[in-house]
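target37.pdb, holding PDB, C-alpha atoms:
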MODEL        1
ATOM      1  CA  MET A 275      -3.633  39.881 -56.304
ATOM      2  CA  GLN A 276      -6.835  41.775 -56.987
ATOM      3  CA  GLN A 277      -6.383  45.461 -57.856
ATOM      4  CA  ILE A 278      -8.358  48.458 -56.642
ATOM      5  CA  ILE A 279      -8.193  51.791 -58.467
ATOM      6  CA  HIS A 280      -9.378  54.846 -56.556
ATOM      7  CA  ILE A 281     -10.117  58.141 -58.323
ATOM      8  CA  HIS A 282     -10.173  61.161 -56.029
ATOM      9  CA  GLY A 283     -12.324  64.263 -56.363
ATOM     10  CA  GLY A 284     -11.455  67.749 -57.520
ATOM     11  CA  GLU A 285     -12.811  71.128 -58.544
ATOM     12  CA  CYS A 286     -13.682  72.820 -61.835
ATOM     13  CA  PHE A 287     -13.698  76.516 -62.703
ATOM     14  CA  PRO A 288     -14.823  78.253 -65.892
ATOM     15  CA  ASP A 289     -11.705  80.447 -66.057
ATOM     16  CA  ASN A 290      -8.428  81.250 -64.310
ATOM     17  CA  ASN A 291      -9.782  84.271 -62.431
ATOM     18  CA  SER A 292     -12.505  82.158 -60.809
ATOM     19  CA  PHE A 293      -9.844  79.632 -59.859
ATOM     20  CA  TYR A 294      -7.593  82.302 -58.320
ATOM     21  CA  GLU A 295     -10.447  83.752 -56.267
ATOM     22  CA  ALA A 296     -11.314  80.288 -54.946
ATOM     23  CA  LEU A 297      -7.688  79.753 -53.929
ATOM     24  CA  LYS A 298      -7.699  83.057 -52.015
ATOM     25  CA  ALA A 299     -10.820  81.994 -50.116
ATOM     26  CA  CYS A 300      -9.526  78.500 -49.356
ATOM     27  CA  ASP A 301      -8.314  77.680 -45.835
ATOM     28  CA  TYR A 302      -4.844  76.135 -45.766
ATOM     29  CA  ASN A 303      -2.636  75.116 -42.857
ATOM     30  CA  PRO A 304       0.641  73.425 -43.908
ATOM     31  CA  LEU A 305       1.233  72.224 -40.339
ATOM     32  CA  VAL A 306      -1.903  70.075 -40.193
ATOM     33  CA  GLU A 307      -1.752  66.633 -41.775
ATOM     34  CA  LYS A 308      -5.226  65.359 -42.548
ATOM     35  CA  LYS A 309      -5.817  61.633 -42.403
ATOM     36  CA  HIS A 310      -7.913  60.309 -45.264
ATOM     37  CA  TRP A 311      -9.848  57.057 -45.451
ATOM     38  CA  ARG A 312      -8.261  56.048 -48.754
ATOM     39  CA  ASP A 313      -4.842  55.738 -47.075
ATOM     40  CA  TRP A 314      -6.398  53.795 -44.198
ATOM     41  CA  LEU A 315      -8.148  51.507 -46.688
ATOM     42  CA  LYS A 316      -4.947  50.877 -48.633
ATOM     43  CA  GLN A 317      -3.163  49.856 -45.437
ATOM     44  CA  ARG A 318      -5.984  47.590 -44.267
ATOM     45  CA  LEU A 319      -6.160  45.789 -47.617
ATOM     46  CA  SER A 320      -2.422  45.612 -48.323
ATOM     47  CA  SER A 321      -2.074  41.878 -47.625
ATOM     48  CA  SER A 322      -4.629  40.813 -50.243
ATOM     49  CA  TYR A 323      -5.170  43.743 -52.593
ATOM     50  CA  GLN A 324      -3.042  46.138 -54.586
ATOM     51  CA  MET A 325      -4.613  49.575 -54.276
ATOM     52  CA  ILE A 326      -3.681  52.132 -56.925
ATOM     53  CA  ILE A 327      -4.406  55.768 -56.052
ATOM     54  CA  PRO A 328      -3.257  57.896 -58.996
ATOM     55  CA  GLN A 329      -2.744  61.603 -58.378
ATOM     56  CA  MET A 330      -4.986  62.904 -61.104
ATOM     57  CA  PRO A 331      -3.743  66.039 -62.923
ATOM     58  CA  ASN A 332      -4.825  69.521 -61.885
ATOM     59  CA  GLY A 333      -6.949  68.500 -58.906
ATOM     60  CA  ARG A 334      -8.093  72.039 -58.186
ATOM     61  CA  MET A 335      -8.630  72.917 -61.861
ATOM     62  CA  ALA A 336      -9.788  69.537 -63.089
ATOM     63  CA  SER A 337     -10.562  68.552 -66.645
ATOM     64  CA  TYR A 338     -12.164  65.315 -67.784
ATOM     65  CA  LYS A 339      -9.973  65.117 -70.880
ATOM     66  CA  ALA A 340      -6.772  65.388 -68.829
ATOM     67  CA  ARG A 341      -8.004  62.783 -66.342
ATOM     68  CA  LYS A 342      -8.945  60.385 -69.129
ATOM     69  CA  ILE A 343      -5.415  60.554 -70.542
ATOM     70  CA  TRP A 344      -3.900  59.914 -67.106
ATOM     71  CA  PHE A 345      -6.400  57.174 -66.178
ATOM     72  CA  GLU A 346      -5.629  55.174 -69.305
ATOM     73  CA  LYS A 347      -1.908  55.159 -68.470
ATOM     74  CA  ILE A 348      -2.803  52.732 -65.675
ATOM     75  CA  PHE A 349      -4.135  50.097 -68.052
ATOM     76  CA  SER A 350      -0.755  48.628 -68.972
ATOM     77  CA  TYR A 351      -0.184  47.854 -65.268
ATOM     78  CA  LEU A 352      -3.418  45.926 -64.743
ATOM     79  CA  ASN A 353      -3.120  42.222 -64.062
ATOM     80  CA  ASP A 354      -5.534  39.523 -65.207
ATOM     81  CA  GLU A 355      -7.657  39.646 -62.043
ATOM     82  CA  TRP A 356     -11.053  41.327 -61.867
ATOM     83  CA  THR A 357     -10.702  45.016 -61.002
ATOM     84  CA  ILE A 358     -12.441  47.051 -58.296
ATOM     85  CA  LEU A 359     -13.062  50.742 -58.994
ATOM     86  CA  THR A 360     -13.799  53.407 -56.384
ATOM     87  CA  GLY A 361     -14.437  57.083 -56.976
ATOM     88  CA  GLN A 362     -15.346  60.005 -54.761
ATOM     89  CA  SER A 363     -17.210  63.174 -55.715
ATOM     90  CA  LEU A 364     -15.873  64.411 -59.078
ATOM     91  CA  GLY A 365     -13.860  61.176 -59.230
ATOM     92  CA  ALA A 366     -17.079  59.185 -59.117
ATOM     93  CA  MET A 367     -18.549  61.362 -61.849
ATOM     94  CA  PHE A 368     -15.410  60.772 -63.901
ATOM     95  CA  LEU A 369     -15.859  56.993 -63.635
ATOM     96  CA  LEU A 370     -19.531  57.195 -64.591
ATOM     97  CA  LYS A 371     -18.762  59.270 -67.678
ATOM     98  CA  TYR A 372     -15.791  57.127 -68.656
ATOM     99  CA  LEU A 373     -17.742  53.874 -68.370
ATOM    100  CA  THR A 374     -20.695  55.224 -70.363
ATOM    101  CA  GLU A 375     -18.372  56.225 -73.206
ATOM    102  CA  ASN A 376     -15.660  53.544 -73.051
ATOM    103  CA  TRP A 377     -15.152  49.865 -72.367
ATOM    104  CA  PHE A 378     -12.806  49.202 -69.442
ATOM    105  CA  PRO A 379     -10.034  46.727 -70.452
ATOM    106  CA  ARG A 380     -10.662  44.323 -67.547
ATOM    107  CA  LYS A 381     -13.732  42.826 -65.944
ATOM    108  CA  ILE A 382     -14.994  45.057 -63.128
ATOM    109  CA  LYS A 383     -15.953  43.127 -60.020
ATOM    110  CA  GLN A 384     -17.182  46.121 -57.998
ATOM    111  CA  LEU A 385     -17.798  49.813 -58.569
ATOM    112  CA  HIS A 386     -18.030  52.003 -55.449
ATOM    113  CA  LEU A 387     -19.411  55.531 -55.958
ATOM    114  CA  LEU A 388     -19.054  57.927 -53.013
ATOM    115  CA  GLY A 389     -20.731  61.311 -52.847
ATOM    116  CA  THR A 390     -21.357  61.237 -56.568
ATOM    117  CA  LEU A 391     -22.088  64.235 -58.779
ATOM    118  CA  LEU A 392     -24.275  63.786 -61.846
ATOM    119  CA  ASP A 393     -24.581  67.322 -63.213
ATOM    120  CA  GLU A 394     -24.933  70.932 -62.074
ATOM    121  CA  GLU A 395     -28.456  70.540 -60.682
ATOM    122  CA  ASN A 396     -28.902  71.925 -57.125
ATOM    123  CA  LEU A 397     -25.202  72.687 -56.719
ATOM    124  CA  PRO A 398     -24.164  75.719 -54.615
ATOM    125  CA  ALA A 399     -24.269  78.920 -56.659
ATOM    126  CA  ASP A 400     -20.584  79.614 -56.028
ATOM    127  CA  ASN A 401     -19.451  76.127 -57.026
ATOM    128  CA  ASN A 402     -21.705  74.822 -59.775
ATOM    129  CA  TYR A 403     -19.416  74.520 -62.793
ATOM    130  CA  LEU A 404     -18.509  71.020 -64.012
ATOM    131  CA  GLY A 405     -17.054  71.798 -67.445
ATOM    132  CA  ASP A 406     -16.256  68.799 -69.626
ATOM    133  CA  PHE A 407     -17.241  66.324 -66.902
ATOM    134  CA  LEU A 408     -20.866  66.776 -67.960
ATOM    135  CA  PHE A 409     -22.364  63.936 -69.984
ATOM    136  CA  ASP A 410     -25.673  62.361 -70.946
ATOM    137  CA  THR A 411     -26.677  60.663 -67.676
ATOM    138  CA  SER A 412     -29.440  58.705 -69.400
ATOM    139  CA  TRP A 413     -26.677  56.354 -70.592
ATOM    140  CA  ILE A 414     -25.657  55.396 -67.051
ATOM    141  CA  PRO A 415     -27.711  52.145 -66.955
ATOM    142  CA  ALA A 416     -25.497  50.808 -69.780
ATOM    143  CA  ILE A 417     -22.492  50.583 -67.435
ATOM    144  CA  THR A 418     -24.028  47.530 -65.755
ATOM    145  CA  LYS A 419     -22.880  45.479 -68.760
ATOM    146  CA  GLN A 420     -19.298  45.927 -67.520
ATOM    147  CA  ILE A 421     -19.786  45.620 -63.760
ATOM    148  CA  GLU A 422     -20.889  42.813 -61.480
ATOM    149  CA  TYR A 423     -21.730  44.817 -58.331
ATOM    150  CA  ILE A 424     -22.348  48.549 -57.808
ATOM    151  CA  TYR A 425     -22.434  50.356 -54.470
ATOM    152  CA  ILE A 426     -23.607  53.950 -53.960
ATOM    153  CA  TYR A 427     -22.678  55.871 -50.790
ATOM    154  CA  HIS A 428     -24.056  59.301 -49.909
ATOM    155  CA  SER A 429     -24.704  61.402 -46.827
ATOM    156  CA  ARG A 430     -27.742  63.638 -46.453
ATOM    157  CA  ASP A 431     -25.627  66.479 -45.044
ATOM    158  CA  ASP A 432     -23.185  66.601 -47.983
ATOM    159  CA  GLU A 433     -23.045  70.290 -48.949
ATOM    160  CA  TYR A 434     -20.886  69.754 -52.039
ATOM    161  CA  CYS A 435     -22.756  66.886 -53.669
ATOM    162  CA  PRO A 436     -26.516  67.126 -53.046
ATOM    163  CA  TYR A 437     -28.286  64.031 -51.747
ATOM    164  CA  SER A 438     -30.758  64.398 -54.637
ATOM    165  CA  HIS A 439     -27.980  63.294 -57.001
ATOM    166  CA  ALA A 440     -27.734  59.970 -55.174
ATOM    167  CA  GLU A 441     -31.509  59.523 -55.309
ATOM    168  CA  ARG A 442     -31.462  60.099 -59.063
ATOM    169  CA  LEU A 443     -28.495  57.747 -59.488
ATOM    170  CA  VAL A 444     -30.290  54.971 -57.600
ATOM    171  CA  LYS A 445     -33.202  55.274 -60.029
ATOM    172  CA  LEU A 446     -30.791  54.879 -62.949
ATOM    173  CA  LEU A 447     -29.068  51.908 -61.255
ATOM    174  CA  PRO A 448     -31.914  50.173 -59.375
ATOM    175  CA  ASN A 449     -29.894  47.011 -58.729
ATOM    176  CA  ALA A 450     -27.098  48.919 -56.994
ATOM    177  CA  GLU A 451     -26.767  48.734 -53.219
ATOM    178  CA  PHE A 452     -27.436  52.156 -51.721
ATOM    179  CA  ILE A 453     -25.699  52.955 -48.425
ATOM    180  CA  SER A 454     -27.176  56.156 -47.006
ATOM    181  CA  PHE A 455     -25.787  58.179 -44.093
ATOM    182  CA  GLU A 456     -27.104  61.123 -42.090
ATOM    183  CA  ASP A 457     -23.915  62.778 -40.822
ATOM    184  CA  ARG A 458     -20.878  61.826 -42.926
ATOM    185  CA  TRP A 459     -20.842  65.117 -44.875
ATOM    186  CA  HIS A 460     -18.457  64.720 -47.866
ATOM    187  CA  PHE A 461     -16.707  61.623 -46.461
ATOM    188  CA  SER A 462     -13.721  63.643 -45.226
ATOM    189  CA  GLN A 463     -13.022  61.031 -42.591
ATOM    190  CA  PRO A 464      -9.985  59.012 -41.477
ATOM    191  CA  GLU A 465     -11.649  55.598 -41.852
ATOM    192  CA  PHE A 466     -14.428  54.062 -43.933
ATOM    193  CA  PRO A 467     -15.400  50.690 -42.386
ATOM    194  CA  GLU A 468     -18.532  50.274 -44.508
ATOM    195  CA  LEU A 469     -16.514  50.466 -47.713
ATOM    196  CA  LEU A 470     -13.935  48.040 -46.342
ATOM    197  CA  GLU A 471     -16.654  45.592 -45.363
ATOM    198  CA  ASN A 472     -18.265  45.695 -48.802
ATOM    199  CA  ILE A 473     -14.953  45.136 -50.598
ATOM    200  CA  ILE A 474     -13.814  42.172 -48.530
ATOM    201  CA  GLY A 475     -17.286  40.834 -47.720
ATOM    202  CA  TYR A 476     -17.968  39.790 -51.292
ATOM    203  CA  ASN A 477     -14.782  37.753 -51.552
ATOM    204  CA  LEU A 478     -15.454  36.122 -48.199
ATOM    205  CA  LEU A 479     -18.876  35.034 -49.434
ATOM    206  CA  GLN A 480     -17.331  33.661 -52.617
ATOM    207  CA  SER A 481     -14.953  31.492 -50.594
ATOM    208  CA  ILE A 482     -17.692  29.831 -48.542
TER
ENDMDL
END

Please re-express this file's structure in C-alpha coordinates.
Amino acid sequence: MQQIIHIHGGECFPDNNSFYEALKACDYNPLVEKKHWRDWLKQRLSSSYQMIIPQMPNGRMASYKARKIWFEKIFSYLNDEWTILTGQSLGAMFLLKYLTENWFPRKIKQLHLLGTLLDEENLPADNNYLGDFLFDTSWIPAITKQIEYIYIYHSRDDEYCPYSHAERLVKLLPNAEFISFEDRWHFSQPEFPELLENIIGYNLLQSI
(Lines of atoms letter the chains of each structure in order from A and count residues from 1; the text may use other names and numbers.)
(Lines give C-alpha, C1' and ligand atoms only; values in the text may rest on other atoms or scores of the structure.)
Protein backbone atom coordinates (compact mmCIF):
# COMPACT_ATOMS: atom_id res chain seq x y z
CA MET A 1 0.00 0.00 0.00
CA GLN A 2 1.40 3.37 -1.01
CA GLN A 3 2.07 5.77 1.88
CA ILE A 4 1.31 9.48 2.12
CA ILE A 5 2.99 11.66 4.75
CA HIS A 6 1.37 15.01 5.48
CA ILE A 7 3.20 17.73 7.40
CA HIS A 8 0.94 20.40 8.87
CA GLY A 9 1.73 24.08 9.35
CA GLY A 10 2.58 26.02 12.47
CA GLU A 11 3.84 29.31 13.85
CA CYS A 12 7.22 30.68 14.94
CA PHE A 13 8.00 33.39 17.48
CA PRO A 14 11.34 34.97 18.39
CA ASP A 15 10.71 34.65 22.14
CA ASN A 16 8.22 33.45 24.74
CA ASN A 17 6.67 36.87 25.33
CA SER A 18 5.78 37.21 21.64
CA PHE A 19 4.26 33.74 21.79
CA TYR A 20 2.19 34.58 24.88
CA GLU A 21 0.85 37.77 23.31
CA ALA A 22 -0.16 35.87 20.18
CA LEU A 23 -2.01 33.32 22.31
CA LYS A 24 -3.92 36.12 24.07
CA ALA A 25 -5.00 37.54 20.71
CA CYS A 26 -5.99 34.17 19.26
CA ASP A 27 -9.68 33.28 18.95
CA TYR A 28 -10.55 29.92 20.50
CA ASN A 29 -13.89 28.17 20.90
CA PRO A 30 -13.63 24.66 22.43
CA LEU A 31 -17.21 23.88 21.40
CA VAL A 32 -16.57 24.24 17.67
CA GLU A 33 -15.01 21.29 15.87
CA LYS A 34 -13.40 22.40 12.63
CA LYS A 35 -13.34 19.95 9.76
CA HIS A 36 -10.04 19.86 7.91
CA TRP A 37 -9.34 18.57 4.41
CA ARG A 38 -6.50 16.33 5.57
CA ASP A 39 -8.94 14.17 7.57
CA TRP A 40 -11.33 14.08 4.61
CA LEU A 41 -8.45 13.09 2.32
CA LYS A 42 -7.32 10.31 4.65
CA GLN A 43 -10.83 8.86 4.69
CA ARG A 44 -11.25 9.08 0.92
CA LEU A 45 -7.93 7.34 0.27
CA SER A 46 -8.13 4.74 3.05
CA SER A 47 -8.83 1.78 0.76
CA SER A 48 -5.66 2.20 -1.30
CA TYR A 49 -3.30 4.44 0.64
CA GLN A 50 -1.91 4.65 4.15
CA MET A 51 -1.90 8.30 5.15
CA ILE A 52 0.41 9.29 8.00
CA ILE A 53 -0.33 12.65 9.65
CA PRO A 54 2.22 13.13 12.44
CA GLN A 55 1.43 15.72 15.09
CA MET A 56 4.59 17.74 14.81
CA PRO A 57 6.01 19.09 18.10
CA ASN A 58 5.20 22.57 19.35
CA GLY A 59 2.84 23.56 16.55
CA ARG A 60 2.35 27.08 17.85
CA MET A 61 6.03 27.57 18.73
CA ALA A 62 7.56 25.54 15.93
CA SER A 63 11.21 24.77 15.41
CA TYR A 64 12.76 23.15 12.36
CA LYS A 65 15.24 21.18 14.45
CA ALA A 66 12.48 19.66 16.59
CA ARG A 67 10.40 18.80 13.51
CA LYS A 68 13.37 17.17 11.81
CA ILE A 69 13.90 14.87 14.80
CA TRP A 70 10.21 13.92 14.84
CA PHE A 71 9.96 13.53 11.04
CA GLU A 72 12.84 11.08 10.92
CA LYS A 73 11.14 8.84 13.50
CA ILE A 74 8.68 7.95 10.73
CA PHE A 75 11.35 6.44 8.50
CA SER A 76 11.46 3.06 10.23
CA TYR A 77 7.74 2.63 9.43
CA LEU A 78 8.04 3.28 5.70
CA ASN A 79 7.37 0.36 3.39
CA ASP A 80 9.10 -0.34 0.09
CA GLU A 81 6.54 1.54 -2.01
CA TRP A 82 7.15 4.99 -3.47
CA THR A 83 6.17 7.71 -0.99
CA ILE A 84 3.92 10.74 -1.48
CA LEU A 85 4.69 13.85 0.58
CA THR A 86 2.28 16.72 1.25
CA GLY A 87 2.95 19.84 3.27
CA GLN A 88 0.97 22.96 4.06
CA SER A 89 2.29 26.42 4.91
CA LEU A 90 5.21 26.04 7.35
CA GLY A 91 4.93 22.28 6.78
CA ALA A 92 5.62 22.81 3.09
CA MET A 93 8.59 25.01 3.94
CA PHE A 94 9.84 22.29 6.27
CA LEU A 95 9.75 19.72 3.45
CA LEU A 96 11.56 22.06 1.05
CA LYS A 97 14.34 22.72 3.56
CA TYR A 98 14.61 19.07 4.56
CA LEU A 99 14.85 17.86 0.96
CA THR A 100 17.47 20.47 0.04
CA GLU A 101 19.66 19.36 2.95
CA ASN A 102 18.91 15.63 3.19
CA TRP A 103 18.18 12.60 1.05
CA PHE A 104 14.79 11.03 1.79
CA PRO A 105 15.15 7.25 2.43
CA ARG A 106 12.52 6.22 -0.14
CA LYS A 107 11.73 7.24 -3.69
CA ILE A 108 9.26 10.14 -3.72
CA LYS A 109 6.50 9.72 -6.28
CA GLN A 110 4.78 13.06 -5.64
CA LEU A 111 5.42 16.19 -3.60
CA HIS A 112 2.41 18.45 -2.96
CA LEU A 113 3.18 21.94 -1.60
CA LEU A 114 0.19 23.96 -0.36
CA GLY A 115 0.38 27.62 0.56
CA THR A 116 4.14 27.43 0.77
CA LEU A 117 6.41 29.87 2.59
CA LEU A 118 9.92 30.47 1.28
CA ASP A 119 11.26 33.16 3.60
CA GLU A 120 10.18 36.30 5.46
CA GLU A 121 9.68 38.42 2.33
CA ASN A 122 6.30 40.27 2.21
CA LEU A 123 5.01 38.57 5.36
CA PRO A 124 2.67 40.53 7.67
CA ALA A 125 4.62 42.75 10.06
CA ASP A 126 3.12 41.04 13.11
CA ASN A 127 3.87 37.53 11.88
CA ASN A 128 7.10 37.56 9.91
CA TYR A 129 9.49 35.46 11.99
CA LEU A 130 10.52 32.04 10.63
CA GLY A 131 13.49 31.23 12.87
CA ASP A 132 15.47 28.13 11.94
CA PHE A 133 13.10 27.25 9.09
CA LEU A 134 14.99 29.73 6.91
CA PHE A 135 17.36 28.22 4.36
CA ASP A 136 19.11 28.97 1.09
CA THR A 137 16.21 28.77 -1.38
CA SER A 138 18.57 28.77 -4.35
CA TRP A 139 19.11 25.07 -3.60
CA ILE A 140 15.44 24.20 -4.16
CA PRO A 141 15.90 23.03 -7.79
CA ALA A 142 18.13 20.21 -6.47
CA ILE A 143 15.14 18.47 -4.85
CA THR A 144 13.93 17.35 -8.29
CA LYS A 145 16.61 14.64 -8.18
CA GLN A 146 14.54 12.90 -5.49
CA ILE A 147 11.01 13.50 -6.77
CA GLU A 148 9.11 12.38 -9.84
CA TYR A 149 6.22 14.89 -9.78
CA ILE A 150 5.79 18.20 -7.92
CA TYR A 151 2.54 20.11 -7.47
CA ILE A 152 2.27 23.66 -6.11
CA TYR A 153 -1.06 24.99 -4.79
CA HIS A 154 -1.65 28.61 -3.76
CA SER A 155 -4.52 31.06 -3.48
CA ARG A 156 -4.19 34.73 -4.35
CA ASP A 157 -6.11 35.77 -1.23
CA ASP A 158 -3.85 33.90 1.22
CA GLU A 159 -3.01 36.49 3.90
CA TYR A 160 -0.52 34.28 5.74
CA CYS A 161 1.56 33.04 2.82
CA PRO A 162 1.86 35.68 0.08
CA TYR A 163 1.07 34.62 -3.48
CA SER A 164 4.46 36.05 -4.50
CA HIS A 165 6.11 33.12 -2.71
CA ALA A 166 4.33 30.69 -5.03
CA GLU A 167 5.38 32.71 -8.08
CA ARG A 168 9.00 32.58 -6.95
CA LEU A 169 8.74 28.86 -6.19
CA VAL A 170 7.39 28.14 -9.68
CA LYS A 171 10.44 29.86 -11.16
CA LEU A 172 12.70 27.62 -9.07
CA LEU A 173 10.69 24.51 -10.05
CA PRO A 174 9.58 25.25 -13.63
CA ASN A 175 8.52 21.66 -14.31
CA ALA A 176 6.14 21.59 -11.35
CA GLU A 177 2.40 21.78 -11.95
CA PHE A 178 1.04 25.03 -10.53
CA ILE A 179 -2.59 25.01 -9.37
CA SER A 180 -3.66 28.59 -8.66
CA PHE A 181 -6.86 29.67 -6.89
CA GLU A 182 -8.54 33.03 -6.35
CA ASP A 183 -10.56 32.46 -3.17
CA ARG A 184 -9.23 29.52 -1.14
CA TRP A 185 -7.40 31.73 1.39
CA HIS A 186 -5.06 29.50 3.48
CA PHE A 187 -6.79 26.23 2.49
CA SER A 188 -8.74 26.07 5.77
CA GLN A 189 -11.42 24.01 4.08
CA PRO A 190 -13.20 20.71 4.81
CA GLU A 191 -12.38 19.10 1.44
CA PHE A 192 -9.66 19.39 -1.20
CA PRO A 193 -10.88 17.65 -4.39
CA GLU A 194 -8.06 19.00 -6.56
CA LEU A 195 -5.43 17.42 -4.33
CA LEU A 196 -7.34 14.14 -4.26
CA GLU A 197 -7.60 14.12 -8.04
CA ASN A 198 -3.88 14.73 -8.50
CA ILE A 199 -2.92 11.96 -6.06
CA ILE A 200 -5.15 9.27 -7.54
CA GLY A 201 -5.08 10.56 -11.12
CA TYR A 202 -1.43 9.68 -11.61
CA ASN A 203 -1.91 6.08 -10.52
CA LEU A 204 -4.97 5.74 -12.72
CA LEU A 205 -2.94 6.89 -15.71
CA GLN A 206 -0.19 4.42 -14.84
CA SER A 207 -2.69 1.55 -14.88
CA ILE A 208 -4.00 2.30 -18.37

So that I can see what lies close to His282 of chain A, please list as a list in words the residues with an atom at most 6 Å from it, counting only C-alpha atoms and leaving out residues fewer than 3 positions away in the same chain.
Gly361, Gln362 and Gly365 of chain A

Between A:Phe349, A:Gly283, A:Ala450, A:Pro331, single out the one closest to Leu369 of chain A, counting all atoms listed in the file.
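Looking at the shortest contact to Leu369 of chain A, the residue is A:Gly283.
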
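The two atoms in question, atom CA of Lys445 of chain A and atom CA of Ser412 of chain A, are spaced 10.7 Å apart.
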
Selection dump of the PyMOL selection byres ((chain A and resi 335-348) around 9), as a PyMOL selection string
chain A and resi 281+283-287+290+293+326+328-334+349-352+364+368+371-372+404-408

Could you list the residues chosen by the PyMOL selection byres ((chain A and resi 421) around 9) in this structure as a list in words?
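When the PyMOL selection byres ((chain A and resi 421) around 9) is applied, the selected residues are Lys381, Ile382, Lys383, Gln384, Leu385, Ile417, Thr418, Lys419, Gln420, Glu422, Tyr423 and Ile424 of chain A.
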